[in-house]
$ cat run.cif   # mmCIF, C-alpha atoms and all ligand atoms
data_coords
#
loop_
_atom_site.label_atom_id
_atom_site.label_comp_id
_atom_site.auth_asym_id
_atom_site.auth_seq_id
_atom_site.Cartn_x
_atom_site.Cartn_y
_atom_site.Cartn_z
CA MET A 1 34.49 2.32 -1.77
CA LYS A 2 33.27 0.61 1.40
CA ASP A 3 30.76 -2.25 1.20
CA LEU A 4 28.57 -0.91 3.98
CA LYS A 5 26.07 -3.76 3.93
CA LYS A 6 28.94 -6.20 4.50
CA ILE A 7 30.33 -3.98 7.26
CA ILE A 8 26.93 -4.01 9.01
CA ALA A 9 26.66 -7.79 8.55
CA ASP A 10 30.17 -8.38 9.95
CA LYS A 11 29.41 -6.28 13.03
CA LEU A 12 26.29 -8.33 13.68
CA LYS A 13 28.19 -11.60 13.11
CA PHE A 14 30.72 -10.51 15.73
CA GLY A 15 27.93 -9.92 18.26
CA GLU A 16 27.81 -6.13 17.99
CA TYR A 17 24.44 -4.35 18.14
CA VAL A 18 23.28 -2.46 15.04
CA GLY A 19 20.05 -0.49 14.63
CA LEU A 20 18.57 0.72 11.34
CA TYR A 21 17.23 4.24 11.84
CA CYS A 22 14.08 5.29 9.91
CA TYR A 23 11.64 2.55 9.06
CA GLY A 24 10.64 2.87 5.42
CA ILE A 25 11.22 0.91 2.24
CA TYR A 26 14.97 1.58 2.36
CA ALA A 27 15.37 0.05 5.85
CA SER A 28 13.10 -2.81 4.88
CA HIS A 29 15.24 -3.49 1.82
CA ILE A 30 18.46 -3.55 3.88
CA LEU A 31 16.77 -5.86 6.38
CA TYR A 32 15.86 -8.33 3.67
CA TYR A 33 19.30 -8.05 2.09
CA LEU A 34 21.06 -8.79 5.38
CA GLU A 35 18.84 -11.80 5.98
CA LYS A 36 19.08 -13.24 2.47
CA PHE A 37 22.71 -12.57 1.55
CA HIS A 38 24.44 -12.49 4.97
CA ASN A 39 22.13 -14.54 7.16
CA VAL A 40 22.04 -11.91 9.91
CA LEU A 41 19.40 -9.49 11.21
CA PRO A 42 19.76 -6.04 12.78
CA THR A 43 19.18 -5.67 16.51
CA VAL A 44 16.42 -3.10 16.26
CA ILE A 45 14.71 -0.66 13.93
CA ILE A 46 14.38 2.89 15.17
CA ASP A 47 11.58 5.23 14.21
CA ASN A 48 10.15 8.12 16.18
CA ASP A 49 6.75 7.77 14.52
CA VAL A 50 4.87 6.03 17.33
CA SER A 51 2.41 4.48 14.88
CA LYS A 52 5.29 2.31 13.60
CA LYS A 53 6.17 0.99 17.08
CA GLY A 54 5.91 -2.80 17.30
CA LYS A 55 7.51 -5.45 15.13
CA ALA A 56 9.03 -5.21 11.67
CA GLU A 57 9.76 -8.06 9.29
CA PHE A 58 11.44 -11.13 10.84
CA ASP A 59 10.09 -9.98 14.22
CA ILE A 60 12.64 -7.19 14.63
CA PRO A 61 11.47 -4.69 17.25
CA VAL A 62 10.64 -1.14 16.15
CA MET A 63 10.95 1.62 18.74
CA PRO A 64 11.73 5.35 19.10
CA PHE A 65 15.31 6.54 19.36
CA MET A 66 15.30 7.41 23.08
CA GLU A 67 13.95 3.98 23.95
CA SER A 68 16.55 2.13 21.87
CA LYS A 69 19.32 4.30 23.31
CA LYS A 70 18.32 3.29 26.82
CA LEU A 71 17.83 -0.38 25.99
CA TYR A 72 21.03 -0.82 23.93
CA PRO A 73 23.77 1.47 25.31
CA ASN A 74 26.33 0.08 22.84
CA LEU A 75 24.13 0.32 19.78
CA GLN A 76 25.62 1.40 16.47
CA TYR A 77 23.35 3.15 14.03
CA PHE A 78 22.82 3.08 10.30
CA ILE A 79 20.53 5.86 9.03
CA CYS A 80 18.17 4.72 6.28
CA SER A 81 17.01 8.07 4.94
CA ASP A 82 18.39 10.41 2.31
CA ASP A 83 16.20 13.37 3.14
CA PHE A 84 16.36 13.29 6.93
CA LYS A 85 19.86 11.91 7.39
CA TYR A 86 21.46 15.20 8.43
CA THR A 87 18.68 16.12 10.85
CA ILE A 88 18.90 12.67 12.43
CA ILE A 89 22.68 12.93 12.79
CA ALA A 90 22.40 16.37 14.43
CA ASP A 91 19.75 15.06 16.80
CA MET A 92 21.78 11.99 17.73
CA ILE A 93 24.94 14.00 18.39
CA ASN A 94 22.89 16.40 20.56
CA ASN A 95 21.72 13.38 22.50
CA GLY A 96 25.21 12.17 23.24
CA ILE A 97 25.78 9.58 20.48
CA LYS A 98 29.40 9.55 19.36
CA PRO A 99 30.15 9.92 15.62
CA GLU A 100 32.03 6.59 15.63
CA ASN A 101 28.78 4.85 16.58
CA ILE A 102 27.00 6.17 13.49
CA ILE A 103 28.05 3.87 10.67
CA ASN A 104 27.16 6.31 7.90
CA TYR A 105 28.17 9.45 9.79
CA VAL A 106 28.93 12.66 7.91
CA LEU A 107 29.87 15.99 9.42
CA VAL A 108 26.79 18.21 9.53
CA GLU A 109 26.15 21.88 10.15
CA LYS A 110 23.15 24.17 10.22
CA ARG A 111 22.91 26.72 7.45
CA LYS A 112 20.57 28.13 4.84
CA THR A 113 20.69 25.94 1.79
CA CYS A 114 18.77 23.53 -0.42
CA LEU A 115 18.87 19.79 0.26
CA TYR A 116 18.66 19.02 -3.45
CA PHE A 117 21.46 21.36 -4.35
CA GLU A 118 23.69 19.90 -1.67
CA ASN A 119 23.18 16.18 -1.77
CA ARG A 120 21.99 15.15 -5.24
CA LEU A 121 24.38 14.79 -8.14
CA LEU A 122 22.30 14.91 -11.25
CA PRO A 123 24.05 14.52 -14.62
CA LEU A 124 21.94 15.01 -17.72
CA PHE A 125 22.88 13.57 -21.07
CA SER A 126 22.50 15.68 -24.17
CA ALA A 127 22.42 15.06 -27.89
CA LEU A 128 24.06 18.39 -28.70
CA GLU A 129 26.41 18.54 -31.67
CA ASP A 130 29.16 20.24 -29.61
CA LYS A 131 29.10 17.14 -27.35
CA SER A 132 28.67 19.24 -24.20
CA GLN A 133 26.82 17.57 -21.34
CA MET A 134 24.98 19.01 -18.38
CA ILE A 135 24.54 18.93 -14.65
CA SER A 136 21.18 19.79 -13.19
CA HIS A 137 21.01 21.17 -9.67
CA CYS A 138 17.35 21.40 -9.02
CA ASN A 139 15.80 18.07 -8.22
CA ALA A 140 12.45 19.72 -7.65
CA ASP A 141 12.31 20.87 -11.23
CA SER A 142 14.45 18.24 -12.86
CA PHE A 143 11.87 17.63 -15.58
CA LYS A 144 12.21 21.17 -16.87
CA ALA A 145 15.20 21.22 -19.15
CA ASP A 146 15.84 24.94 -18.78
CA VAL A 147 15.86 25.04 -14.99
CA LEU A 148 19.18 25.43 -13.21
CA ILE A 149 21.33 23.52 -15.59
CA THR A 150 25.06 23.94 -15.98
CA LYS A 151 26.64 23.11 -19.30
CA ILE A 152 29.92 21.19 -19.21
CA PRO A 153 31.89 21.68 -22.45
CA TYR A 154 33.66 18.87 -24.23
CA PHE A 155 37.38 19.03 -25.00
CA ASP A 156 39.49 16.50 -26.84
CA GLU A 157 40.48 14.96 -23.55
CA GLY A 158 36.91 14.83 -22.26
CA TYR A 159 35.02 16.86 -19.67
CA SER A 160 38.05 18.04 -17.75
CA GLU A 161 36.59 21.35 -16.52
CA PHE A 162 33.81 19.61 -14.70
CA SER A 163 34.86 20.34 -11.11
CA ASP A 164 35.78 24.02 -11.66
CA ILE A 165 32.49 24.73 -13.35
CA LEU A 166 30.56 22.97 -10.64
CA GLN A 167 32.39 24.90 -7.93
CA LYS A 168 31.59 28.19 -9.66
CA ARG A 169 27.94 27.23 -9.79
CA ALA A 170 27.97 26.34 -6.11
CA ASN A 171 29.50 29.73 -5.31
CA ASP A 172 26.72 31.44 -7.26
CA PHE A 173 24.24 29.52 -5.20
CA TYR A 174 25.89 30.38 -1.87
CA ASN A 175 26.11 34.04 -2.90
CA ASP A 176 22.40 34.15 -3.75
CA LYS A 177 23.08 34.80 -7.42
CA ILE A 178 20.67 32.15 -8.71
CA GLU A 179 17.35 33.93 -9.09
CA LEU A 180 15.22 30.81 -8.95
CA CYS A 181 16.69 29.71 -5.63
CA LYS A 182 16.46 33.11 -3.96
CA THR A 183 12.75 32.77 -3.32
CA CYS A 184 12.42 28.98 -3.30
CA VAL A 185 10.82 27.53 -0.18
CA LEU A 186 13.30 24.67 -0.24
CA ASN A 187 16.17 27.08 0.27
CA HIS A 188 16.02 27.52 4.04
CA GLU A 189 17.97 26.95 7.23
CA GLN A 190 18.47 23.27 7.89
CA ASN A 191 20.94 20.64 9.01
CA ILE A 192 23.03 19.64 6.06
CA VAL A 193 26.35 18.01 5.20
CA ALA A 194 29.14 20.43 6.14
CA LYS A 195 30.55 22.51 3.28
CA GLU A 196 34.08 21.21 3.71
CA TYR A 197 33.04 17.54 3.86
CA LYS A 198 34.29 15.97 0.66
CA ASN A 199 32.06 12.92 0.18
CA LYS A 200 28.86 14.85 0.24
CA TYR A 201 26.56 13.51 -2.46
CA GLN A 202 24.01 11.08 -1.11
CA GLN A 203 22.39 10.31 -4.42
CA LEU A 204 23.65 9.92 -7.97
CA CYS A 205 20.59 10.54 -10.13
CA PHE A 206 20.03 9.64 -13.76
CA TYR A 207 16.86 11.51 -14.66
CA GLN A 208 15.12 12.26 -17.91
CA GLN A 209 14.91 15.82 -19.12
CA THR A 210 11.60 15.27 -20.81
CA CYS A 211 8.92 12.61 -21.06
CA ALA A 212 8.40 13.37 -24.73
CA ASP A 213 10.82 10.55 -25.56
CA CYS A 214 8.68 7.84 -24.07
CA VAL A 215 6.70 4.80 -25.16
CA VAL A 216 3.62 5.76 -23.16
CA HIS A 217 1.75 9.07 -23.04
CA CYS A 218 0.51 9.50 -19.48
CA LYS A 219 -2.44 11.88 -19.34
CA TYR A 220 -0.88 13.67 -16.37
CA CYS A 221 2.49 14.19 -18.08
CA CYS A 222 3.73 17.69 -17.25
CA VAL A 223 6.18 18.16 -20.14
CA GLY A 224 4.23 17.46 -23.29
CA GLY A 225 4.46 13.68 -23.31
CA ALA A 226 0.67 13.36 -22.99
CA ASP A 227 0.23 14.73 -26.49
CA LYS A 228 0.41 11.72 -28.77
CA ASN A 229 0.89 13.98 -31.77
CA VAL A 230 4.13 15.44 -30.50
CA LYS A 231 6.91 13.70 -32.33
CA SER A 232 9.31 12.53 -29.69
CA LYS A 233 12.88 13.77 -29.87
CA PRO A 234 15.34 11.19 -28.61
CA ILE A 235 17.58 13.11 -26.22
CA PHE A 236 19.59 10.14 -25.07
CA ARG A 237 21.58 9.16 -28.19
CA LEU A 238 22.79 5.61 -28.34
CA ASP A 239 25.66 6.70 -30.62
CA TYR A 240 26.80 9.06 -27.83
CA ILE A 241 27.24 6.32 -25.21
CA ASP A 242 31.07 6.63 -25.37
CA LEU A 243 30.76 10.34 -24.63
CA TYR A 244 28.33 9.72 -21.81
CA ASN A 245 30.78 7.19 -20.37
CA LYS A 246 33.56 9.80 -20.40
CA PHE A 247 31.26 12.30 -18.73
CA ILE A 248 30.13 9.98 -15.98
CA ASP A 249 33.70 8.74 -15.37
CA GLU A 250 34.82 12.35 -14.88
CA ILE A 251 31.99 12.97 -12.41
CA ILE A 252 32.77 9.85 -10.40
CA LYS A 253 36.50 10.62 -10.47
CA GLN A 254 35.84 13.66 -8.25
CA GLY A 255 35.23 11.22 -5.39
CA SER A 256 32.39 13.29 -3.99
CA LEU A 257 29.89 10.48 -3.50
CA SER A 258 29.19 9.43 0.05
CA ASP A 259 29.90 5.81 1.00
CA ASP A 260 26.22 5.06 1.46
CA PHE A 261 25.08 6.76 -1.74
CA ASN A 262 22.29 5.30 -3.79
CA CYS A 263 21.72 5.41 -7.50
CA ALA A 264 18.39 6.72 -8.81
CA ILE A 265 17.29 5.96 -12.36
CA ASP A 266 14.28 7.70 -13.86
CA LEU A 267 14.91 7.69 -17.59
CA SER A 268 12.12 7.65 -20.14
CA GLU A 269 11.14 4.26 -21.44
CA ARG A 270 12.52 4.29 -24.97
CA TYR A 271 15.75 2.25 -25.05
CA LEU A 272 15.17 1.46 -21.38
CA GLU A 273 17.43 -1.59 -21.40
CA GLU A 274 20.30 0.34 -23.03
CA LYS A 275 19.90 3.19 -20.56
CA ILE A 276 19.81 1.03 -17.43
CA LYS A 277 22.74 -0.99 -18.75
CA PHE A 278 24.70 2.21 -19.35
CA VAL A 279 24.12 3.30 -15.73
CA VAL A 280 24.96 -0.07 -14.19
CA ASP A 281 28.07 -0.48 -16.40
CA SER A 282 29.25 2.99 -15.36
CA ILE A 283 28.82 2.17 -11.67
CA GLU A 284 30.58 -1.18 -11.98
CA ARG A 285 33.41 0.12 -14.19
CA ASN A 286 34.17 2.68 -11.49
CA HIS A 287 33.99 0.09 -8.69
CA LEU A 288 31.20 1.88 -6.88
CA LEU A 289 28.78 0.16 -4.56
CA PRO A 290 25.43 1.90 -4.22
CA MET A 291 23.34 0.83 -1.25
CA VAL A 292 20.48 0.36 -3.67
CA TYR A 293 19.30 1.32 -7.16
CA LYS A 294 16.01 3.23 -7.00
CA ILE A 295 14.30 2.83 -10.33
CA ASN A 296 11.20 4.53 -11.70
CA SER A 297 9.60 2.79 -14.65
CA CYS A 298 6.25 1.82 -16.11
CA LEU A 299 7.86 -1.55 -16.95
CA LEU A 300 6.32 -1.69 -20.39
CA THR A 301 9.79 -2.58 -21.63
CA TYR A 302 11.43 -5.65 -20.18
CA SER A 303 15.02 -4.97 -19.15
CA GLU A 304 17.44 -7.86 -18.58
CA THR A 305 19.79 -5.57 -16.64
CA LEU A 306 16.98 -4.56 -14.33
CA ALA A 307 16.01 -8.21 -13.85
CA ASN A 308 19.60 -8.95 -12.92
CA LEU A 309 19.65 -6.16 -10.32
CA LEU A 310 16.51 -7.62 -8.75
CA LYS A 311 18.04 -11.09 -8.81
CA ASN A 312 20.97 -9.75 -6.81
CA GLY A 313 18.72 -7.89 -4.35
CA MET A 314 20.11 -4.55 -5.50
CA ALA A 315 17.06 -2.57 -6.57
CA TYR A 316 13.66 -1.34 -5.75
CA ILE A 317 11.26 -0.13 -8.37
CA ILE A 318 8.55 2.50 -8.29
CA TRP A 319 6.31 1.05 -10.97
CA SER A 320 4.07 3.60 -12.66
CA LEU A 321 0.80 1.68 -13.04
CA ASP A 322 -2.09 4.12 -12.27
CA ALA A 323 -4.85 1.61 -12.94
CA GLY A 324 -6.27 -1.74 -12.01
CA THR A 325 -7.91 -2.60 -15.33
CA ARG A 326 -6.84 -2.76 -18.95
CA GLU A 327 -9.42 -0.16 -20.03
CA THR A 328 -8.33 2.50 -17.55
CA TYR A 329 -4.66 1.76 -18.18
CA HIS A 330 -5.31 2.40 -21.87
CA LYS A 331 -7.06 5.69 -21.09
CA ILE A 332 -4.37 6.98 -18.77
CA LYS A 333 -1.25 5.80 -20.60
CA GLN A 334 -2.84 6.08 -24.06
CA VAL A 335 -1.38 2.74 -25.09
CA ASP A 336 -3.02 -0.65 -24.75
CA GLY A 337 -0.15 -2.11 -22.72
CA PHE A 338 -1.75 -3.44 -19.54
CA ASN A 339 -1.36 -7.15 -20.31
CA THR A 340 2.26 -6.72 -21.43
CA VAL A 341 3.08 -4.78 -18.28
CA ILE A 342 1.53 -7.40 -16.00
CA ASP A 343 3.41 -10.17 -17.84
CA ASN A 344 6.68 -8.24 -17.43
CA VAL A 345 6.08 -7.71 -13.72
CA LYS A 346 5.25 -11.38 -13.16
CA LYS A 347 8.50 -12.30 -14.89
CA LEU A 348 10.46 -9.86 -12.72
CA ILE A 349 8.82 -11.16 -9.54
CA SER A 350 9.81 -14.73 -10.43
CA ILE A 351 13.47 -13.66 -10.80
CA ASP A 352 13.66 -11.21 -7.88
CA ALA A 353 15.63 -12.30 -4.79
CA PHE A 354 12.78 -10.93 -2.65
CA ASN A 355 9.85 -12.19 -4.78
CA GLY A 356 8.84 -8.71 -5.88
CA ARG A 357 8.53 -7.31 -2.37
CA PHE A 358 10.26 -4.12 -3.46
CA ILE A 359 8.36 -3.55 -6.67
CA VAL A 360 6.06 -0.69 -5.72
CA PRO A 361 3.00 -0.03 -7.89
CA LYS A 362 2.30 3.70 -8.08
CA TYR A 363 -1.12 5.23 -8.59
CA VAL A 364 -1.24 8.83 -9.79
CA ILE A 365 -4.81 9.98 -9.18
CA THR A 366 -5.98 11.72 -12.33
CA LYS A 367 -9.34 13.44 -12.36
CA ASP A 368 -12.18 11.84 -14.34
CA ILE A 369 -10.02 8.87 -15.34
CA ASN A 370 -8.99 6.83 -12.34
CA ASP A 371 -10.33 8.85 -9.39
CA ASN A 372 -13.04 6.36 -8.53
CA GLU A 373 -13.34 3.67 -5.87
CA LYS A 374 -13.97 0.87 -8.35
CA GLU A 375 -10.70 1.40 -10.19
CA PHE A 376 -8.69 1.79 -7.01
CA ASN A 377 -10.23 -1.41 -5.62
CA GLU A 378 -9.03 -3.23 -8.75
CA PHE A 379 -5.58 -1.70 -8.33
CA ILE A 380 -5.40 -2.92 -4.73
CA LYS A 381 -6.69 -6.36 -5.69
CA LEU A 382 -4.04 -6.65 -8.40
CA THR A 383 -1.32 -5.55 -5.96
CA VAL A 384 -2.41 -8.12 -3.39
CA ASP A 385 -2.77 -10.88 -6.01
CA LEU A 386 0.77 -10.22 -7.22
CA GLY A 387 1.99 -10.61 -3.62
CA LEU A 388 3.40 -7.08 -3.44
CA LYS A 389 3.76 -5.16 -0.18
CA PHE A 390 4.33 -1.46 -0.82
CA VAL A 391 2.27 1.00 -2.86
CA SER A 392 2.80 4.63 -3.77
CA LEU A 393 0.07 7.21 -4.11
CA SER A 394 0.34 10.50 -5.95
CA PHE A 395 -1.91 13.16 -7.42
CA ASP A 396 -1.93 14.73 -10.90
CA PHE A 397 0.85 17.34 -10.60
CA LYS A 398 -0.97 19.86 -12.82
CA THR A 399 -4.19 19.90 -10.81
CA LYS A 400 -4.93 21.41 -7.43
CA ALA A 401 -6.67 18.92 -5.16
CA ASP A 402 -10.05 20.03 -3.79
CA GLU A 403 -11.95 18.67 -0.78
CA LYS A 404 -13.47 15.85 -2.83
CA ASP A 405 -9.99 14.82 -3.98
CA ASN A 406 -8.69 14.92 -0.42
CA ALA A 407 -11.52 12.62 0.65
CA PHE A 408 -10.63 10.23 -2.18
CA ILE A 409 -6.94 10.26 -1.19
CA ARG A 410 -7.92 9.39 2.39
CA SER A 411 -10.20 6.62 1.23
CA CYS A 412 -7.36 5.19 -0.90
CA TYR A 413 -5.06 5.29 2.11
CA LYS A 414 -7.63 3.48 4.25
CA LYS A 415 -7.82 0.70 1.64
CA ILE A 416 -4.04 0.45 1.53
CA ILE A 417 -3.90 -0.07 5.30
CA GLU A 418 -6.91 -2.39 5.44
CA ASN A 419 -5.27 -4.66 2.90
CA GLY A 420 -2.07 -4.92 4.92
CA LEU A 421 -0.10 -2.84 2.42
CA GLN A 422 2.34 -0.06 3.22
CA LEU A 423 2.39 3.40 1.67
CA THR A 424 5.75 4.67 0.48
CA TYR A 425 6.97 7.63 -1.56
CA LYS A 426 4.04 9.78 -0.47
CA ASN A 427 6.38 12.74 -0.05
CA ASN A 428 6.51 13.02 -3.82
CA SER A 429 3.02 14.48 -3.85
CA ILE A 430 2.08 17.62 -1.95
CA ALA A 431 -1.62 16.82 -2.36
CA VAL A 432 -1.23 13.36 -0.83
CA THR A 433 0.99 14.56 2.02
CA ARG A 434 -1.45 17.34 2.85
CA ALA A 435 -4.53 15.14 2.68
CA LEU A 436 -2.93 12.51 4.89
CA SER A 437 -1.54 14.97 7.40
CA MET A 438 -5.03 16.04 8.37
CA ASN A 439 -6.35 14.94 11.72
CA SER A 440 -9.27 13.22 10.08
CA ILE A 441 -7.01 10.49 8.72
CA LEU A 442 -5.69 9.75 12.19
CA GLU A 443 -9.24 9.48 13.47
CA GLN A 444 -10.17 7.13 10.64
CA GLU A 445 -7.25 4.90 11.44
CA LYS A 446 -8.34 4.32 15.03
S1 LIG A 501 15.07 26.22 -7.02
FE1 LIG A 501 14.71 25.52 -4.94
S2 LIG A 501 14.77 23.28 -5.09
FE2 LIG A 501 15.70 24.06 -6.94
S3 LIG A 501 17.90 24.10 -6.47
FE3 LIG A 501 17.09 26.16 -6.02
S4 LIG A 501 16.59 26.12 -3.87
FE4 LIG A 501 16.83 23.99 -4.53
#
$ encode --input "run.cif" --output "structure tokens"
Amino acid sequence: MKDLKKIIADKLKFGEYVGLYCYGIYASHILYYLEKFHNVLPTVIIDNDVSKKGKAEFDIPVMPFMESKKLYPNLQYFICSDDFKYTIIADMINNGIKPENIINYVLVEKRKTCLYFENRLLPLFSALEDKSQMISHCNADSFKADVLITKIPYFDEGYSEFSDILQKRANDFYNDKIELCKTCVLNHEQNIVAKEYKNKYQQLCFYQQTCADCVVHCKYCCVGGADKNVKSKPIFRLDYIDLYNKFIDEIIKQGSLSDDFNCAIDLSERYLEEKIKFVVDSIERNHLLPMVYKINSCLLTYSETLANLLKNGMAYIIWSLDAGTRETYHKIKQVDGFNTVIDNVKKLISIDAFNGRFIVPKYVITKDINDNEKEFNEFIKLTVDLGLKFVSLSFDFKTKADEKDNAFIRSCYKKIIENGLQLTYKNNSIAVTRALSMNSILEQEK
């Protein structure tokens, strides 16, 4: 597998021009990586959002695509977006950019399909006695164990029928045989990786099937984990690790990951170190090179493997925090873990190659617990005191946001901006995206 970050660095060392397209946390992470580990910087960052125009880190200019195209006729592009990659490629090709000038080019086409179904590879790990494992197809509903899951049976030699079964499932999808997808709003006409393109998966995801096997009990948990009385059922069995290894090796053997794939880990917190180690070992054993590991965690458990990824500049973390004080943390997570979490984060920051810059505290607004200015102010203060840069804002998935909630979301956003912080991962929350898309937020920003 190609080491794309090294390829970009070598181009820059030889005096070629390279632009990173799409200015978010991913581009920022690559920028820091290039500077720290290769001592080079990209020529320009491209983003068509005019509010981002100006300078990025290390004084790199940020400008819209058409401007960069005019200014740097020989520019080569690296697209830093999983969700918009195909649309960006189609747009660039329409504007006369040659495929060989797009470093992470894939063949795209326009057709009716689902982005999640096409570009996420999502193995799930079971504890079933028959040793079968599963592939989930629906990223949108990946927390619901019964949604769009394909069982892969175990034979003496392993999971050898993996690719045939997956192909059959894909055919069902293309032939509109999957009821759930028929009416789903995410199944629509869009630019997507072409059907015949082999290395199509942009993300290899290791997600939990349920939060019930966790060490915290977030009040907003949508799959029963909030109920402290529910006895958790460990789904990820440590004594099955050899089986899981066989399963993941079979998946990787198909060679369907794209060269610039990234590895997402969102596994519940029990045995967190063992789980992250299992993922990283699998990736390394198969000589894969993800652009980055995207990890979701509340960081109540300290993981040496995670610390090591940070040390090597290989990860960013969405840190589920939801509070700025010990009392509120206790109320929302239902465990008194605030001090432990802060100690863990401080330790990770001290090890991290980028001093914690890519540890992103997340705040899920939950009614009557943390939806007040005082708590959010404390959250922001803590973020600033820890020297962090990005934050993520979300809204209780089970509750519909009303006008008062929208106003609170906008006020949170204003505080984020005023404190020189940057919002990321807002697309995870419909309520936040809607509230912030309103004209009023643009007026407030002026
Ligand atoms: S239900 Fe929707 S999001 Fe899920 S796989 Fe089908 S089309 Fe995609």
$ closest_atom_pairs --input "run.cif" --of "chain A" --to "ligand LIG 501 (chain A)" --cutoff "9 Å" --atoms "all atoms listed in the file" --output "tab-separated table"
residue	atom	partner	partner_atom	distance
A:Thr113	CA	A:LIG501	S4	7.0
A:Cys114	CA	A:LIG501	FE4	4.6
A:Leu115	CA	A:LIG501	FE4	6.7
A:Tyr116	CA	A:LIG501	FE4	5.4
A:Phe117	CA	A:LIG501	S3	5.0
A:Glu118	CA	A:LIG501	FE4	8.5
A:Ser136	CA	A:LIG501	S3	8.6
A:His137	CA	A:LIG501	S3	5.3
A:Cys138	CA	A:LIG501	S3	3.8
A:Asn139	CA	A:LIG501	FE2	6.1
A:Ala140	CA	A:LIG501	S2	5.0
A:Asp141	CA	A:LIG501	FE2	6.3
A:Ser142	CA	A:LIG501	FE2	8.4
A:Val147	CA	A:LIG501	S1	8.1
A:Leu148	CA	A:LIG501	S3	7.0
A:Phe173	CA	A:LIG501	FE3	7.9
A:Ile178	CA	A:LIG501	FE3	7.5
A:Glu179	CA	A:LIG501	S1	8.3
A:Leu180	CA	A:LIG501	S1	5.0
A:Cys181	CA	A:LIG501	FE3	3.6
A:Lys182	CA	A:LIG501	S4	7.0
A:Thr183	CA	A:LIG501	FE1	7.7
A:Cys184	CA	A:LIG501	FE1	4.5
A:Val185	CA	A:LIG501	FE1	6.5
A:Leu186	CA	A:LIG501	FE1	5.0
A:Asn187	CA	A:LIG501	S4	4.3
A:His188	CA	A:LIG501	S4	8.1
$ closest_residue --input "run.cif" --among "A:Met291, A:Ile88, A:Ile349, A:Leu71" --to "A:Leu4" --atoms "all atoms listed in the file"
A:Met291
$ atom_distance --input "run.cif" --atom1 "atom CA of A:Trp319" --atom2 "atom CA of A:Ile135"
25.8 Å
$ residues_around --input "run.cif" --residues "stretch 154-160 of chain A" --least-positions-apart "4" --cutoff "12 Å" --atoms "all atoms listed in the file" --output "PyMOL selection string"
chain A and resi 126+128-135+164-166+242-254
$ closest_residue --input "run.cif" --among "A:Ile25, A:Val18, A:Ile380, A:Ile7" --to "A:Gln76" --atoms "all atoms listed in the file"
A:Val18
$ closest_residue --input "run.cif" --among "A:Lys168, A:Lys311, A:Arg270, A:Arg285" --to "A:Gln208" --atoms "all atoms listed in the file"
A:Arg270
$ closest_residue --input "run.cif" --among "A:Cys211, A:Val384, A:Val364, A:Ile276" --to "A:Ser303" --atoms "only C-alpha atoms"
A:Ile276
$ closest_residue --input "run.cif" --among "A:Glu269, A:Asp336, A:Glu418, A:Asp322" --to "A:Ser392" --atoms "all atoms listed in the file"
A:Asp322
$ closest_residue --input "run.cif" --among "A:Leu267, A:Ala194, A:Cys22, A:Ala307" --to "A:Asp83" --atoms "all atoms listed in the file"
A:Cys22
$ residues_around --input "run.cif" --residues "A:Cys412" --least-positions-apart "4" --cutoff "12 Å" --atoms "all atoms listed in the file" --output "short mmCIF file (atom, residue, chain, number, x, y, z; two decimals) with C-alpha atoms, in the coordinates of the input"
data_model
loop_
_atom_site.label_atom_id
_atom_site.label_comp_id
_atom_site.auth_asym_id
_atom_site.auth_seq_id
_atom_site.Cartn_x
_atom_site.Cartn_y
_atom_site.Cartn_z
CA TYR A 363 -1.12 5.23 -8.59
CA VAL A 364 -1.24 8.83 -9.79
CA ILE A 365 -4.81 9.98 -9.18
CA ASN A 370 -8.99 6.83 -12.34
CA ASP A 371 -10.33 8.85 -9.39
CA ASN A 372 -13.04 6.36 -8.53
CA GLU A 373 -13.34 3.67 -5.87
CA LYS A 374 -13.97 0.87 -8.35
CA GLU A 375 -10.70 1.40 -10.19
CA PHE A 376 -8.69 1.79 -7.01
CA ASN A 377 -10.23 -1.41 -5.62
CA GLU A 378 -9.03 -3.23 -8.75
CA PHE A 379 -5.58 -1.70 -8.33
CA ILE A 380 -5.40 -2.92 -4.73
CA VAL A 391 2.27 1.00 -2.86
CA SER A 392 2.80 4.63 -3.77
CA LEU A 393 0.07 7.21 -4.11
CA SER A 394 0.34 10.50 -5.95
CA PHE A 395 -1.91 13.16 -7.42
CA ASP A 405 -9.99 14.82 -3.98
CA ASN A 406 -8.69 14.92 -0.42
CA ALA A 407 -11.52 12.62 0.65
CA PHE A 408 -10.63 10.23 -2.18
CA ILE A 416 -4.04 0.45 1.53
CA ILE A 417 -3.90 -0.07 5.30
CA GLU A 418 -6.91 -2.39 5.44
CA ASN A 419 -5.27 -4.66 2.90
CA LEU A 421 -0.10 -2.84 2.42
CA GLN A 422 2.34 -0.06 3.22
CA LEU A 423 2.39 3.40 1.67
CA VAL A 432 -1.23 13.36 -0.83
CA ALA A 435 -4.53 15.14 2.68
CA LEU A 436 -2.93 12.51 4.89
CA ILE A 441 -7.01 10.49 8.72
#
$ residues_around --input "run.cif" --residues "A:Asn95" --least-positions-apart "5" --cutoff "12 Å" --atoms "all atoms listed in the file" --output "short mmCIF file (atom, residue, chain, number, x, y, z; two decimals) with C-alpha atoms, in the coordinates of the input"
data_model
loop_
_atom_site.label_atom_id
_atom_site.label_comp_id
_atom_site.auth_asym_id
_atom_site.auth_seq_id
_atom_site.Cartn_x
_atom_site.Cartn_y
_atom_site.Cartn_z
CA PHE A 65 15.31 6.54 19.36
CA MET A 66 15.30 7.41 23.08
CA LYS A 69 19.32 4.30 23.31
CA LYS A 70 18.32 3.29 26.82
CA ILE A 88 18.90 12.67 12.43
CA ILE A 89 22.68 12.93 12.79
CA ALA A 90 22.40 16.37 14.43
#
